[in-house]
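**Student:** My questions will all concern the structure given below.
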There are 2 protein chains.
Amino acid sequence: MEKTVVVAVDAMGGDNAPEAILAGVAEALAEIPALHVKLCGLPEVVEPFAAEHERCDAVACSQVIAMDEHPAQAFKTKPDSSIVVGCKLVKDGEADAFYSAGSTGACFTAGTMVIRRLKGVARPALCTNVPCPTRPVVMCDVGANADCKPEYLVQFATMATLYAELLMGVKNPKVQLLNIGEEETKGSTFAQEAHALLKQEVPNFAGNCEGRDILAGTCDVVVTDGFTGNVALKTIEGVGSMLFAEIKKLFMASAKTKMAAAVLKPGFTELKDSVDPDTFGAAPVLGLKGPVFIGHGSSSPRAVKSSLALAVRSVESDLTGKIADALVAAAEADSSREADKA
Amino acid sequence: MEKTVVVAVDAMGGDNAPEAILAGVAEALAEIPALHVKLCGLPEVVEPFAAEHERCDAVACSQVIAMDEHPAQAFKTKPDSSIVVGCKLVKDGEADAFYSAGSTGACFTAGTMVIRRLKGVARPALCTNVPCPTRPVVMCDVGANADCKPEYLVQFATMATLYAELLMGVKNPKVQLLNIGEEETKGSTFAQEAHALLKQEVPNFAGNCEGRDILAGTCDVVVTDGFTGNVALKTIEGVGSMLFAEIKKLFMASAKTKMAAAVLKPGFTELKDSVDPDTFGAAPVLGLKGPVFIGHGSSSPRAVKSSLALAVRSVESDLTGKIADALVAAAEADSSREADKA
């Protein structure tokens with residue numbers, strides 16, 4: 001028999017909550033036999049749903065954190081919110097992972113403050129699957145740390161490599177630094193320093209990549225500061241939405257184009273899905289003592305289901321334990337290098 | 001009779017030089033009666049062409065700067081290269097503008113060292129038209145200054161506003177800061193400081209925009225540091241190329257899809273062109289005493305022609321003079337603010 005994986009789910013988070021969340025949870029429960037859900041939210045939302053579904057417990061909360069609240073403030077003033085309660089379940093060992101499509105900042109803050117960082121982690125980071133149609137591409141950090149020190153990126157590389165291997169099935173992933181030129185002398189002072197450190201400390205570091213490479217089919221793991229990563233990720237989403245909107249106009253232009261579009265539609269739907277953040281589910285916060293997955297605010301039921309599948313796989317593959325081991329090993333290698341120097 | 005505009009053209013720059021450059025110059029000469037070209041390059045390239053074309057003089061140079069040479073080094077060791085000679089023609093008043101599809105770094109260095117900065121300009125910046133199908137969008141800096149101070153962005157805003165108005169025909173352009181959230185408290189320390197300064201000193205500043213907004217039809221002028229701007233611009237190009245390559249695969253999948261694609265092809269070609277950097281021509285370096293336009297390395301003859309048209313319009317509209325006036329006015333406003341404080 002498969003081991004049960006308990007995921008605490010924020011029923012209240014996201015633009016389409018609670019309807020989209022509940023629909024996604026229902027789909028996930030039906031498809032993933034190992035999944036057990038602790039559904040956190042207002043009692044009138046979570047209790048009737050839990051009563052109607054097996055392997056789902058209601059965890060009544062009296063507060064909800066809105067998408068636009070200040071994360072640190074919301075964390076302080078709303079200890080009985082679905083986000084904070086969900087993180088507490090992970091901290092107390094009552095859940096194996098937490099998932100929310102709510103405020104990224106609030107989830108990140110609650111995860112860091114309640115579940116806490118793994119030993120040796122300088123900064124937890126938000127990692128994501130970039131919507132690439134041809135292969136898995138992982139980018140880290142995509143917004144948790146707007147200001148980074150070069151050494152953070154070494155840890156991002158270690159953590160995101162394990163994520164790519166264990167959850168995305170990438171064999172021997174290579175790490176690249178998002179920069180504005182191929183040569184190591186290119187880029188900002190920060191990028192040059194990060195390049196030098198990555199080269200020294202990350203065995204699978206393969207040099208710089210540029211914005212145009214992210215989706216070109218040559219990247220596995222892209223590391224960057226959270227500011228640049230967030231701009232790049234949102235730019236990718238923006239270009240995709242804009243182009244598909246323009247293509248829709250072309251399709252609808254006349255009776256003739258509509259007929260032609262009908263022939264091409266299955267292929268286009270597949271392509272559109274392949275660059276849709278919904279397909280990939282949520283972005284994990286890497287570096288915490290328990291897995292936290294944060295979904296897109298606009299998550300559909302399908303996105304919720306993919307996210308829960310990802311959360312279950314991260315627990316089953318012991319991503320957290322393997323990250324902890326890798327960081328210990330990296331710290332040991334680092335101190336033996338220091339000792340050699342001394 | 002129209003006033004003649006003399007553009008110094010680097011015949012040797014770009015991946016497709018000199019053929020694509022010469023073909024583009026020929027087209028431009030045929031279409032732009034005001035244009036007079038001083039064609040800089042190896043004598044065997046420029047002399048036969050000049051002999052066959054009216055309003056074109058050959059300027060023989062003995063050196064060529066390759067795309068991958070170190071800019072500062074190349075500038076020092078190749079004083080008789082087509083890039084350095086072209087900039088000298090502008091400095092000496094023998095040309096009104098310089099255009100090259102060669103090394104961006106070398107053109108920027110030569111422009112800054114030979115033509116020199118306008119009085120009061122902290123850092124010249126590379127400005128570009130973002131390939132947006134629905135409207136003109138201008139982004140600055142897109143790579144000249146990987147490390148920026150917040151105050152540079154105030155000048156980028158002033159200069160890029162004039163570029164958008166005079167050359168792109170945008171009426172009352174508003175300026176936005178590329179950031180990772182809408183609120184002024186969002187982003188890196190740098191972005192927060194830049195926001196505060198822009199708000200204080202730039203009358204047409206309209207707050208932050210995010211990566212997904214750049215092509216969404218809501219931006220006129222986007223200011224950012226050169227690192228972030230370069231990543232965003234190349235990401236846009238990368239997503240566009242990737243999606244059009246995938247669409248081509250869909251079109252070619254079967255006899256049926258090929259027939260459907262034939263119906264849709266004119267619309268798709270137009271859309272693809274509208275996001276093609278070639279359509280927009282070159283990116284100007286803003287803040288120099290004379291206009292320098294740098295084309296994409298892969299510039300086609302069409303791109304060369306568009307770039308030369310842009311260079312002519314920038315001279316005719318006196319972009320340089322208007323930027324100089326605006327910077328003097330901004331400096332005066334600034335010192336009167338300082339005086340008020342004292």
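Just so we're on the same page: first chain in the structure tokens is A, next is B, and so on; residues restart at 1 for each chain, and ligands are numbered from 1 in the order they show up.
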Near chain B, which residues of chain A fall within 9 Å when you count only C-alpha atoms, and what do they look like as a PyMOL selection string?
**Tutor:** chain A and resi 132-133+143+145-148+178-180+186-190+210-217+226-228+230-243+246-247+250-251+256-257+259-264+267-268+271
**Student:** Please provide as a ChimeraX atom specification all residues within 8 Å of A:Asn204, with the sequence filter that same-chain residues fewer than 2 positions apart are discarded (counting only C-alpha atoms).
**Tutor:** /A:172-175,202,206
**Student:** With N, CA, C and O atoms retained, export the selected residues as an mmCIF file, in the first residue's frame.
**Tutor:**
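In the end it all went to result-v8.cif:
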data_model
loop_
_atom_site.group_PDB
_atom_site.id
_atom_site.type_symbol
_atom_site.label_atom_id
_atom_site.label_comp_id
_atom_site.auth_asym_id
_atom_site.auth_seq_id
_atom_site.Cartn_x
_atom_site.Cartn_y
_atom_site.Cartn_z
ATOM 1 N N ASN A 172 20.991 14.823 -14.775
ATOM 2 C CA ASN A 172 22.211 15.642 -14.736
ATOM 3 C C ASN A 172 21.960 17.085 -15.169
ATOM 4 O O ASN A 172 22.573 17.576 -16.120
ATOM 5 N N PRO A 173 21.039 17.753 -14.494
ATOM 6 C CA PRO A 173 20.748 19.133 -14.914
ATOM 7 C C PRO A 173 21.974 20.023 -14.788
ATOM 8 O O PRO A 173 22.752 19.893 -13.854
ATOM 9 N N LYS A 174 22.122 20.917 -15.766
ATOM 10 C CA LYS A 174 23.198 21.906 -15.653
ATOM 11 C C LYS A 174 22.580 23.228 -15.194
ATOM 12 O O LYS A 174 21.399 23.505 -15.435
ATOM 13 N N VAL A 175 23.397 24.019 -14.523
ATOM 14 C CA VAL A 175 22.958 25.309 -13.977
ATOM 15 C C VAL A 175 23.547 26.430 -14.815
ATOM 16 O O VAL A 175 24.734 26.401 -15.154
ATOM 17 N N VAL A 202 29.876 25.328 -7.645
ATOM 18 C CA VAL A 202 28.770 24.499 -8.140
ATOM 19 C C VAL A 202 29.280 23.603 -9.272
ATOM 20 O O VAL A 202 29.567 24.085 -10.369
ATOM 21 N N ALA A 206 27.296 25.731 -15.706
ATOM 22 C CA ALA A 206 27.665 25.690 -17.126
ATOM 23 C C ALA A 206 27.727 27.079 -17.747
ATOM 24 O O ALA A 206 27.542 27.243 -18.953
#
**Student:** Which polymer residues have any atom within 7 Å of an atom of B:Tyr152, counting only C-alpha atoms, with same-chain residues fewer than 3 positions away left out, as an NGL selection string?
**Tutor:** :B and (122-123 or 148-149 or 155-156)
**Student:** Kindly indicate which residue among A:Leu166, A:His195, A:Phe205, A:Asp220 lies nearest to A:Gly321, using only C-alpha atoms for the distances.
**Tutor:**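 Nearest to A:Gly321: A:Leu166.
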**Student:** When you draw a straight line from atom CA of B:Leu310 to atom CA of B:Met67, how long is it in Å?
**Tutor:**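 Separating atom CA of B:Leu310 from atom CA of B:Met67 is a distance of 22.9 Å.
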**Student:** Which of these, A:Gly105, A:Ala110, A:Val5, A:Cys87, has the shortest distance to A:Phe75 once you count only C-alpha atoms?
**Tutor:** A:Ala110
**Student:** Between atom CA of A:Ala196 and atom CA of A:Glu184, what is the spacing in Å?
**Tutor:**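 Straight-line distance from atom CA of A:Glu184 to atom CA of A:Ala196 works out to 7.7 Å.
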**Student:** Tell me, as a tab-separated table (two decimals) with C-alpha atoms, in the first residue's frame, which residues lie within 7 Å of stretch 288-298 of chain B, counting only C-alpha atoms; anything in the same chain fewer than 5 positions away does not count.
**Tutor:**
chain	number	residue	atom	x	y	z
B	14	GLY	CA	26.83	42.81	-38.34
B	15	ASP	CA	26.56	39.10	-39.03
B	16	ASN	CA	25.49	39.69	-42.64
B	90	VAL	CA	30.04	62.92	-36.53
B	96	ASP	CA	24.97	64.28	-38.80
B	97	ALA	CA	24.58	60.74	-37.41
B	98	PHE	CA	26.32	57.36	-37.26
B	99	TYR	CA	24.79	53.93	-37.89
B	100	SER	CA	26.29	50.47	-37.34
B	101	ALA	CA	24.96	46.92	-37.02
B	102	GLY	CA	28.28	45.91	-35.49
B	104	THR	CA	27.02	47.17	-29.54
B	111	GLY	CA	30.31	57.00	-29.44
B	112	THR	CA	31.00	57.92	-25.83
B	115	ILE	CA	31.37	62.02	-30.00
B	116	ARG	CA	31.23	62.45	-26.21
B	117	ARG	CA	28.40	63.05	-23.79
B	118	LEU	CA	26.08	66.03	-23.78
B	124	PRO	CA	24.49	57.66	-22.09
B	281	GLY	CA	15.47	49.30	-37.05
B	282	ALA	CA	18.24	50.34	-34.74
B	283	ALA	CA	18.43	51.40	-31.11
B	311	ALA	CA	18.59	58.25	-38.14
B	320	THR	CA	19.97	65.76	-29.72
**Student:** Run DSSP on the backbone of this structure and report the residues of stretch 35-204 of chain B it assigns to strand (DSSP E), as number ranges by chain.
**Tutor:** B: 35-41, 56-60, 97-100, 125-129, 138-140, 175-178
**Student:** Mind checking DSSP for stretch 54-212 of chain A and telling me the alpha helix (DSSP H) residues as JSON, numbers by chain?
**Tutor:** {"A": [71, 72, 73, 74, 75, 76, 77, 82, 83, 84, 85, 86, 87, 88, 89, 90, 91, 104, 105, 106, 107, 108, 109, 110, 150, 151, 152, 153, 154, 155, 156, 157, 158, 159, 160, 161, 162, 163, 164, 165, 166, 167, 168, 189, 190, 191, 192, 193, 194, 195, 196, 197, 198, 199, 200, 201]}
**Student:** Counting only C-alpha atoms, figure out which residue out of A:Asp57, A:Glu31, A:Glu94, A:Asp340 gets nearest to A:Pro43.
**Tutor:**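 The answer is A:Asp57, which sits nearest to A:Pro43.
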**Student:** With only C-alpha atoms as the atoms that count, which of A:Ala95, A:Ala23, A:Val130, A:Met12 lies nearest to A:Ala60?
**Tutor:** A:Met12
**Student:** Quick one: everything within 10 Å of B:Ala30, counting only C-alpha atoms, minus sequence neighbours fewer than 3 positions away in the same chain. Send it as a compact mmCIF listing (two decimals) with N, CA and C atoms, in the first residue's frame.
**Tutor:**
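Written out: out_1.txt:
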# COMPACT_ATOMS: atom_id res chain seq x y z
N GLY B 24 20.84 47.32 -47.92
CA GLY B 24 19.97 48.23 -47.17
C GLY B 24 20.25 49.69 -47.49
N VAL B 25 21.52 50.02 -47.64
CA VAL B 25 21.89 51.40 -47.98
C VAL B 25 21.32 51.75 -49.36
N ALA B 26 21.44 50.80 -50.30
CA ALA B 26 20.90 51.05 -51.65
C ALA B 26 19.40 51.33 -51.58
N GLU B 27 18.66 50.51 -50.81
CA GLU B 27 17.21 50.73 -50.65
C GLU B 27 16.92 52.08 -50.02
N PRO B 33 15.01 60.70 -50.11
CA PRO B 33 15.74 61.67 -50.93
C PRO B 33 16.69 62.54 -50.11
N LEU B 35 18.59 61.66 -47.74
CA LEU B 35 19.74 60.91 -47.21
C LEU B 35 21.00 61.01 -48.07
N HIS B 53 26.63 54.45 -56.79
CA HIS B 53 25.45 55.07 -56.18
C HIS B 53 25.62 56.56 -55.98
N GLU B 54 24.58 57.31 -56.32
CA GLU B 54 24.60 58.74 -56.05
C GLU B 54 24.39 58.99 -54.57
N ARG B 55 24.79 60.15 -54.12
CA ARG B 55 24.64 60.57 -52.71
C ARG B 55 25.30 59.58 -51.76
N LYS B 305 17.60 49.66 -43.79
CA LYS B 305 16.82 50.77 -44.36
C LYS B 305 15.99 51.47 -43.26
